[in-house]
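Below is one structure, written out as structure tokens; comments come after it.
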Amino acid sequence: MSFTITKKDKKTNARIGVFKTSHGTIKTPFFMPVVTKGIAKFITLDTLDEIKTQCFISNCYLLYLKPGKELLEKTKGYHNFINWKKSIFTDSGGFQLKNPSFFISMNDKGVWFKSPFDGSKHFMSPEKVIEMQNVIGSDIAMILDDMQDANLSREAYEIATDRTIAWAKRAILAHKNKKQMLFGIVQGGIYKDLREKCAKEINKLPFDGLAIGGLALGEPKESMHKAIDYSLKHLDEEKIKYLMGLGSPEDIIVSIGKGVDCFDSIYPTKMARHGFIFTRKGPILLKKAKYKDVFEPIEKDCDCPTCKRHTLAYLHHLLRLDEPGVKILLSIHNIRFLHRLLEDSRKEIEKGTFESFQKKFLKEYKKRD
RNA sequence: GUCAUAAUAGUGUAGUGGUUAGCAUAGGAGUCUGUGGAGCUUCUGGCCCGGGUUCAAAUCCCGGUUAUGACC
């Protein structure tokens with residue numbers, strides 16, 4: 001279990017590296033799809049393998065509810081249960097804090113959640129979240145953090161920042177599993193001093209990786225990018241950096257240049273379900289009538305199963321009929337698109353040409369509809 | 001041919017005298033970022049035709065047209 005930077009870009013803060021977990025080696029920077037409950041939405045694990053997914057992220061809280069701790073103990077972990085040989089991250093459930101269908105209340109001890117399945121109440125503490133992730137057996141566990149929604153008062157972010165720091169310390173003490181890595185999370189909203197304070201404190205602790213959370217929640221883009229900078233500035237350069245939740249192609253390319261190594265997001269799959277597909281020349285809204293007779297793949301050079309076999313006209317036809325299968329085909333493309341984008345970024349960093357690649361990408365990736 | 005019933009956005013429908021004529025879907029525009037989901041916002045678009053009653057008609061009356069059904 002280690003992270004080794006193999007090359008640093010001279011013109012930007014981008015870097016490539018090798019991230020070793022108990023289940024293999026991941027080339028960084030990388031994108032991981034979200035596999036909340038043991039399967040990605042509309043994509044099987046088989047397909048994730050086929051489109052060269054190195055790693056995915058699941059959700060500790062949702063796995064705690066179903067299938068539950070006992071079953072995962074019986075199967076000796078989540079890897080066995082779902083039969084996935086490669087690496088797995090688990091999110092703590094901190095993100096569900098902003099979701100009213102889960103959240104009940106919280107204090108310094110932890111969070112009361114409710115189950116949407118039966119309304120039952122569950123208490124989650126920083127320690128309990130570590131314990132559950134241990135049962136899951138994920139390669140990377142995330143600490144429970146206090147993530148506040150955008151547009152709250154500064155006081156709310158001050159409390160959340162202090163609580164995240166306090167919980168991070170408790171998580172470190174609770175974490176005993178030597179086969180599992182633990183990542184800390186930086187919070188602080190869009191406030192420079194809070195981000196810096198949180199980053200410094202989290203950076204002091206012996207985490208295996210460092211995450212930046214609480215972004216892309218409705219704050220302006222510019223504030224978001226600044227918040228990333230404030231956070232990264234005080235984090236150990238040699239440790240792996242994980243920007244939580246961001247998945248738009250522009251955000252990823254910009255953030256790689258800042259020195260981020262790891263991304264996860266529901267963005268590609270959610271967009272796909274709503275008929276939005278990524279291309280290097282910008283996103284396509286496939287339902288538009290202009291695609292009804294375009295007999296070309298989404299992207300000619302894309303190697304995903306969807307592009308190798310189908311045309312825009314065909315996919316448009318399925319989307320207009322609201323055939324469920326089209327959500328599979330589009331989700332596959334969008335995930336593969338991000339994997340390819342990251343593969344290309346790694347190649348460009350290796351060659352020392354990342355900066356011009358980044359500029360060219362951002363110039364070409366404009367809305368074309 | 002006779003009788004009955006019906007006719008409201010492209011489609012399917014609600015509306016029994018005073019409504020900005022409602023809803024769904026289709027169509028246009030926008031949006032979605034550590035998954036309670038396949039969503040959300042928004043725009044466009046309609047009373048079969050002609051006459052009558054009434055202060056006022058999608059609504060009541062007469063005629064026409066068309067559709068469906070039954071009968072001959």
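Convention: chains lettered A, B, ... in structure tokens order; per-chain residue numbering from 1; ligands numbered from 1 as shown.
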
Skip G39 (chain B) itself and residues of its chain fewer than 4 positions away, then list as a VMD selection string all residues within 10 Å of it, counting only C-alpha atoms (C1' of nucleotides).
-> (chain A and resid 270 273 to 274) or (chain B and resid 32)

Write down, as a short mmCIF file (atom, residue, chain, number, x, y, z; two decimals) with N, CA and C atoms, in the first residue's frame, each residue of chain A that has any atom within 9 Å of an atom of chain B, counting only C-alpha atoms (C1' of nucleotides).
```
data_model
loop_
_atom_site.label_atom_id
_atom_site.label_comp_id
_atom_site.auth_asym_id
_atom_site.auth_seq_id
_atom_site.Cartn_x
_atom_site.Cartn_y
_atom_site.Cartn_z
N VAL A 34 -19.21 5.61 -9.54
CA VAL A 34 -19.89 5.38 -8.27
C VAL A 34 -20.74 4.11 -8.37
N VAL A 35 -20.50 3.21 -7.42
CA VAL A 35 -21.15 1.90 -7.40
C VAL A 35 -21.81 1.76 -6.04
N THR A 36 -22.75 2.64 -5.76
CA THR A 36 -23.27 2.81 -4.40
C THR A 36 -23.67 1.51 -3.70
N LYS A 41 -25.35 2.34 -11.64
CA LYS A 41 -26.68 2.45 -12.24
C LYS A 41 -26.58 2.18 -13.74
N ILE A 57 -16.05 3.52 -6.29
CA ILE A 57 -16.37 3.89 -4.91
C ILE A 57 -17.79 3.45 -4.56
N ASN A 59 -20.68 3.09 -1.01
CA ASN A 59 -21.11 3.93 0.10
C ASN A 59 -21.31 3.10 1.36
N ASP A 91 -17.10 5.57 0.55
CA ASP A 91 -17.40 6.85 1.18
C ASP A 91 -18.08 6.56 2.51
N SER A 92 -17.90 7.47 3.43
CA SER A 92 -18.34 7.23 4.80
C SER A 92 -19.85 7.34 4.99
N GLY A 93 -20.50 8.10 4.11
CA GLY A 93 -21.90 8.45 4.34
C GLY A 93 -22.04 9.92 4.70
N GLY A 94 -20.90 10.57 4.81
CA GLY A 94 -20.91 12.01 5.13
C GLY A 94 -21.69 12.82 4.11
N PHE A 95 -21.65 12.36 2.88
CA PHE A 95 -22.35 13.10 1.82
C PHE A 95 -23.85 13.05 2.01
N ASN A 99 -28.71 15.17 2.55
CA ASN A 99 -29.92 14.60 1.95
C ASN A 99 -31.02 14.44 3.01
N SER A 101 -33.73 12.96 3.02
CA SER A 101 -34.39 11.67 3.16
C SER A 101 -33.58 10.72 4.06
N PHE A 102 -32.34 11.10 4.41
CA PHE A 102 -31.53 10.29 5.32
C PHE A 102 -31.31 10.97 6.66
N PRO A 116 -34.20 4.90 4.70
CA PRO A 116 -35.34 5.12 3.80
C PRO A 116 -36.11 3.83 3.53
N GLY A 213 -13.37 17.84 0.08
CA GLY A 213 -14.80 17.59 -0.04
C GLY A 213 -15.60 18.87 0.07
N GLY A 214 -16.91 18.71 -0.05
CA GLY A 214 -17.82 19.84 0.16
C GLY A 214 -17.86 20.84 -0.97
N LEU A 215 -17.54 20.37 -2.19
CA LEU A 215 -17.57 21.31 -3.32
C LEU A 215 -18.58 20.86 -4.39
N ALA A 216 -18.78 21.75 -5.35
CA ALA A 216 -19.77 21.53 -6.42
C ALA A 216 -21.16 21.31 -5.82
N LEU A 217 -21.50 22.15 -4.89
CA LEU A 217 -22.80 22.02 -4.23
C LEU A 217 -23.65 23.25 -4.47
N LEU A 243 -10.20 14.59 -5.07
CA LEU A 243 -11.21 15.65 -5.12
C LEU A 243 -12.58 14.98 -5.21
N MET A 244 -13.33 15.09 -4.14
CA MET A 244 -14.55 14.30 -4.03
C MET A 244 -15.73 14.88 -4.82
N GLY A 245 -16.34 14.02 -5.63
CA GLY A 245 -17.61 14.38 -6.25
C GLY A 245 -17.54 15.10 -7.58
N LEU A 246 -16.38 15.61 -7.95
CA LEU A 246 -16.33 16.38 -9.19
C LEU A 246 -16.13 15.48 -10.40
N GLY A 247 -16.99 15.65 -11.42
CA GLY A 247 -16.92 14.73 -12.54
C GLY A 247 -17.17 15.35 -13.90
N SER A 248 -17.27 16.68 -13.98
CA SER A 248 -17.42 17.23 -15.32
C SER A 248 -16.04 17.26 -15.97
N ASP A 264 -14.08 11.09 -8.31
CA ASP A 264 -15.25 10.22 -8.40
C ASP A 264 -16.43 11.12 -8.64
N SER A 265 -17.46 10.60 -9.28
CA SER A 265 -18.64 11.42 -9.50
C SER A 265 -19.77 10.61 -10.10
N ILE A 266 -20.98 11.02 -9.77
CA ILE A 266 -22.14 10.44 -10.43
C ILE A 266 -22.44 11.18 -11.73
N TYR A 267 -21.71 12.27 -11.95
CA TYR A 267 -22.01 13.17 -13.07
C TYR A 267 -22.13 12.44 -14.42
N PRO A 268 -21.14 11.63 -14.81
CA PRO A 268 -21.25 10.99 -16.14
C PRO A 268 -22.47 10.09 -16.28
N LYS A 270 -25.32 10.17 -14.34
CA LYS A 270 -26.56 10.92 -14.21
C LYS A 270 -26.86 11.69 -15.51
N MET A 271 -25.82 12.29 -16.07
CA MET A 271 -25.99 12.99 -17.34
C MET A 271 -26.46 12.03 -18.42
N ARG A 273 -28.18 9.30 -18.13
CA ARG A 273 -29.58 8.93 -17.94
C ARG A 273 -30.52 10.02 -18.43
N HIS A 274 -30.02 11.26 -18.43
CA HIS A 274 -30.83 12.36 -18.91
C HIS A 274 -30.51 12.73 -20.36
N PRO A 324 -35.35 1.95 -21.95
CA PRO A 324 -34.40 1.95 -20.82
C PRO A 324 -32.97 1.60 -21.23
N LYS A 327 -30.06 4.10 -21.68
CA LYS A 327 -29.36 4.62 -20.50
C LYS A 327 -28.10 3.80 -20.23
#
```

Close residues, Phe357 (chain A) itself excluded, 10 Å, only C-alpha atoms (C1' of nucleotides), min 5 positions apart in chain, as a PyMOL selection string | chain A and resi 253+344-345+348-349+352+362-363

Would you list, as a PyMOL selection string, the residues of region 86-323 of chain A that end up in strand (DSSP E) under DSSP run on this structure's backbone?
-> chain A and resi 87-91+103-107+110-114+121-124+140-142+181-186+209-212+240-243+262-264+276-277+284-285

Atoms kept (N, CA and C atoms) for selection, written as a CSV table (one decimal), in the first residue's frame:
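Below you can see out02.csv, which holds the result:
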```csv
chain,number,residue,atom,x,y,z
A,87,SER,N,-9.5,-2.6,-6.9
A,87,SER,CA,-9.6,-1.8,-5.7
A,87,SER,C,-11.0,-1.2,-5.5
A,88,ILE,N,-11.4,-0.9,-4.3
A,88,ILE,CA,-12.6,-0.3,-4.0
A,88,ILE,C,-12.4,0.8,-2.9
A,89,PHE,N,-13.0,2.0,-3.1
A,89,PHE,CA,-13.1,3.0,-2.1
A,89,PHE,C,-14.5,2.9,-1.5
A,90,THR,N,-14.6,3.3,-0.2
A,90,THR,CA,-15.9,3.5,0.3
A,90,THR,C,-16.0,4.9,0.9
A,91,ASP,N,-17.1,5.6,0.6
A,91,ASP,CA,-17.4,6.9,1.2
A,91,ASP,C,-18.1,6.6,2.5
A,103,PHE,N,-31.1,12.3,6.6
A,103,PHE,CA,-30.6,13.0,7.8
A,103,PHE,C,-31.6,13.2,8.8
A,104,ILE,N,-31.3,13.0,10.1
A,104,ILE,CA,-32.2,13.4,11.2
A,104,ILE,C,-31.6,14.6,12.0
A,105,SER,N,-30.4,14.3,12.6
A,105,SER,CA,-29.8,15.3,13.4
A,105,SER,C,-28.3,15.0,13.6
A,106,MET,N,-27.5,15.9,14.1
A,106,MET,CA,-26.2,15.6,14.4
A,106,MET,C,-25.7,16.5,15.6
A,107,ASN,N,-24.7,16.0,16.3
A,107,ASN,CA,-24.0,16.7,17.3
A,107,ASN,C,-22.5,16.3,17.2
A,110,GLY,N,-21.8,12.5,16.8
A,110,GLY,CA,-22.0,11.8,15.5
A,110,GLY,C,-23.3,12.2,14.9
A,111,VAL,N,-23.8,11.4,14.0
A,111,VAL,CA,-25.0,11.8,13.2
A,111,VAL,C,-26.1,10.7,13.4
A,112,TRP,N,-27.3,11.2,13.5
A,112,TRP,CA,-28.4,10.3,13.5
A,112,TRP,C,-29.0,10.3,12.0
A,113,PHE,N,-29.0,9.1,11.5
A,113,PHE,CA,-29.6,8.9,10.1
A,113,PHE,C,-30.8,8.1,10.3
A,114,LYS,N,-31.7,8.2,9.2
A,114,LYS,CA,-32.8,7.3,9.2
A,114,LYS,C,-32.7,6.5,7.9
A,121,LYS,N,-34.0,4.3,12.8
A,121,LYS,CA,-33.0,5.3,13.1
A,121,LYS,C,-31.6,4.7,13.4
A,122,HIS,N,-30.6,5.3,12.9
A,122,HIS,CA,-29.2,4.7,13.1
A,122,HIS,C,-28.3,5.8,13.5
A,123,PHE,N,-27.4,5.5,14.5
A,123,PHE,CA,-26.4,6.5,14.9
A,123,PHE,C,-25.1,6.1,14.3
A,124,MET,N,-24.5,7.1,13.6
A,124,MET,CA,-23.2,6.9,13.0
A,124,MET,C,-22.2,7.9,13.6
A,140,ILE,N,-9.8,1.5,0.4
A,140,ILE,CA,-9.7,2.9,1.0
A,140,ILE,C,-10.9,3.3,1.7
A,141,ALA,N,-10.8,3.6,3.0
A,141,ALA,CA,-11.9,4.1,3.7
A,141,ALA,C,-11.9,5.6,3.8
A,142,MET,N,-13.0,6.2,3.9
A,142,MET,CA,-13.1,7.7,4.1
A,142,MET,C,-13.6,8.0,5.5
A,181,MET,N,-6.5,1.5,3.7
A,181,MET,CA,-5.9,2.8,3.8
A,181,MET,C,-7.1,3.8,4.3
A,182,LEU,N,-6.7,4.8,4.9
A,182,LEU,CA,-7.7,5.8,5.4
A,182,LEU,C,-7.4,7.2,4.9
A,183,PHE,N,-8.4,7.8,4.3
A,183,PHE,CA,-8.2,9.2,3.8
A,183,PHE,C,-8.9,10.2,4.7
A,184,GLY,N,-8.2,11.3,4.9
A,184,GLY,CA,-8.9,12.5,5.6
A,184,GLY,C,-9.6,13.3,4.5
A,185,ILE,N,-10.4,14.2,5.0
A,185,ILE,CA,-11.2,15.1,4.1
A,185,ILE,C,-11.1,16.5,4.6
A,186,VAL,N,-10.8,17.4,3.7
A,186,VAL,CA,-10.8,18.8,4.0
A,186,VAL,C,-12.1,19.5,3.7
A,209,GLY,N,-4.1,9.2,2.4
A,209,GLY,CA,-4.4,10.1,1.3
A,209,GLY,C,-5.3,11.2,1.8
A,210,LEU,N,-5.4,12.3,1.0
A,210,LEU,CA,-6.0,13.5,1.4
A,210,LEU,C,-7.1,13.9,0.4
A,211,ALA,N,-8.3,14.1,1.0
A,211,ALA,CA,-9.4,14.4,0.1
A,211,ALA,C,-9.9,15.8,0.3
A,212,ILE,N,-10.4,16.4,-0.7
A,212,ILE,CA,-11.1,17.7,-0.7
A,212,ILE,C,-12.6,17.5,-0.9
A,240,ILE,N,-1.4,11.2,-2.0
A,240,ILE,CA,-2.4,11.2,-3.0
A,240,ILE,C,-3.5,12.1,-2.7
A,241,LYS,N,-4.0,12.9,-3.7
A,241,LYS,CA,-5.1,13.9,-3.5
A,241,LYS,C,-6.3,13.4,-4.2
A,242,TYR,N,-7.4,13.5,-3.5
A,242,TYR,CA,-8.7,13.0,-4.0
A,242,TYR,C,-9.7,14.2,-3.9
A,243,LEU,N,-10.2,14.6,-5.1
A,243,LEU,CA,-11.2,15.6,-5.1
A,243,LEU,C,-12.6,15.0,-5.2
A,262,CYS,N,-7.1,11.9,-8.1
A,262,CYS,CA,-8.2,11.0,-8.0
A,262,CYS,C,-9.6,11.7,-8.0
A,263,PHE,N,-10.5,11.1,-8.8
A,263,PHE,CA,-11.8,11.7,-8.9
A,263,PHE,C,-12.9,10.7,-8.8
A,264,ASP,N,-14.1,11.1,-8.3
A,264,ASP,CA,-15.3,10.2,-8.4
A,264,ASP,C,-16.4,11.1,-8.6
A,276,PHE,N,-27.5,13.2,-21.9
A,276,PHE,CA,-26.4,14.1,-22.2
A,276,PHE,C,-25.1,13.2,-22.4
A,277,ILE,N,-24.4,13.4,-23.5
A,277,ILE,CA,-23.2,12.6,-23.6
A,277,ILE,C,-22.0,13.5,-23.9
A,284,ILE,N,-23.2,16.7,-25.8
A,284,ILE,CA,-24.3,16.6,-26.8
A,284,ILE,C,-25.5,16.3,-26.0
A,285,LEU,N,-26.6,17.1,-26.3
A,285,LEU,CA,-27.9,16.7,-25.8
A,285,LEU,C,-28.6,15.9,-26.9
```

Do you know which residues are at most 12 Å from Leu321 (chain A) counting only C-alpha atoms (C1' of nucleotides), after dropping those on the same chain fewer than 5 positions away, and could you put them as a count of residues only?
-> 9

Any chance you could list, as a PyMOL selection string, the residues in region 66-104 of chain A that come up alpha helix (DSSP H) when DSSP is run on the backbone?
-> chain A and resi 69-74+78-82

Please produce a file of those selected residues containing C-alpha atoms, as a compact mmCIF listing (two decimals), in the first residue's frame.
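Result file follows (part.txt):
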```
# COMPACT_ATOMS: atom_id res chain seq x y z
CA LYS A 69 -22.98 -5.83 8.45
CA GLU A 70 -23.85 -9.46 9.19
CA LEU A 71 -24.07 -10.53 5.58
CA LEU A 72 -20.82 -8.78 4.70
CA GLU A 73 -19.15 -10.54 7.64
CA LYS A 74 -20.47 -13.88 6.32
CA TYR A 78 -17.65 -6.80 -0.05
CA HIS A 79 -15.09 -7.83 -2.69
CA ASN A 80 -16.19 -11.44 -2.33
CA PHE A 81 -19.87 -10.63 -2.19
CA ILE A 82 -19.87 -8.80 -5.50
```

Which residue out of A:Lys192, A:Lys233, A:Lys239, A:Arg163 has the minimum interatomic distance to Pro206 (chain A) when only C-alpha atoms are used?
->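 Of all the options, A:Lys239 lies closest to Pro206 (chain A).
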
Please provide the set of residues having any atom within 12 Å of C23 (chain B), restricted to only C-alpha atoms (C1' of nucleotides), with same-chain residues fewer than 3 positions apart removed, written as a PyMOL selection string.
-> chain B and resi 12-15

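Put simply, C1' of C3 (chain B) is 25.0 Å away from C1' of U16 (chain B).
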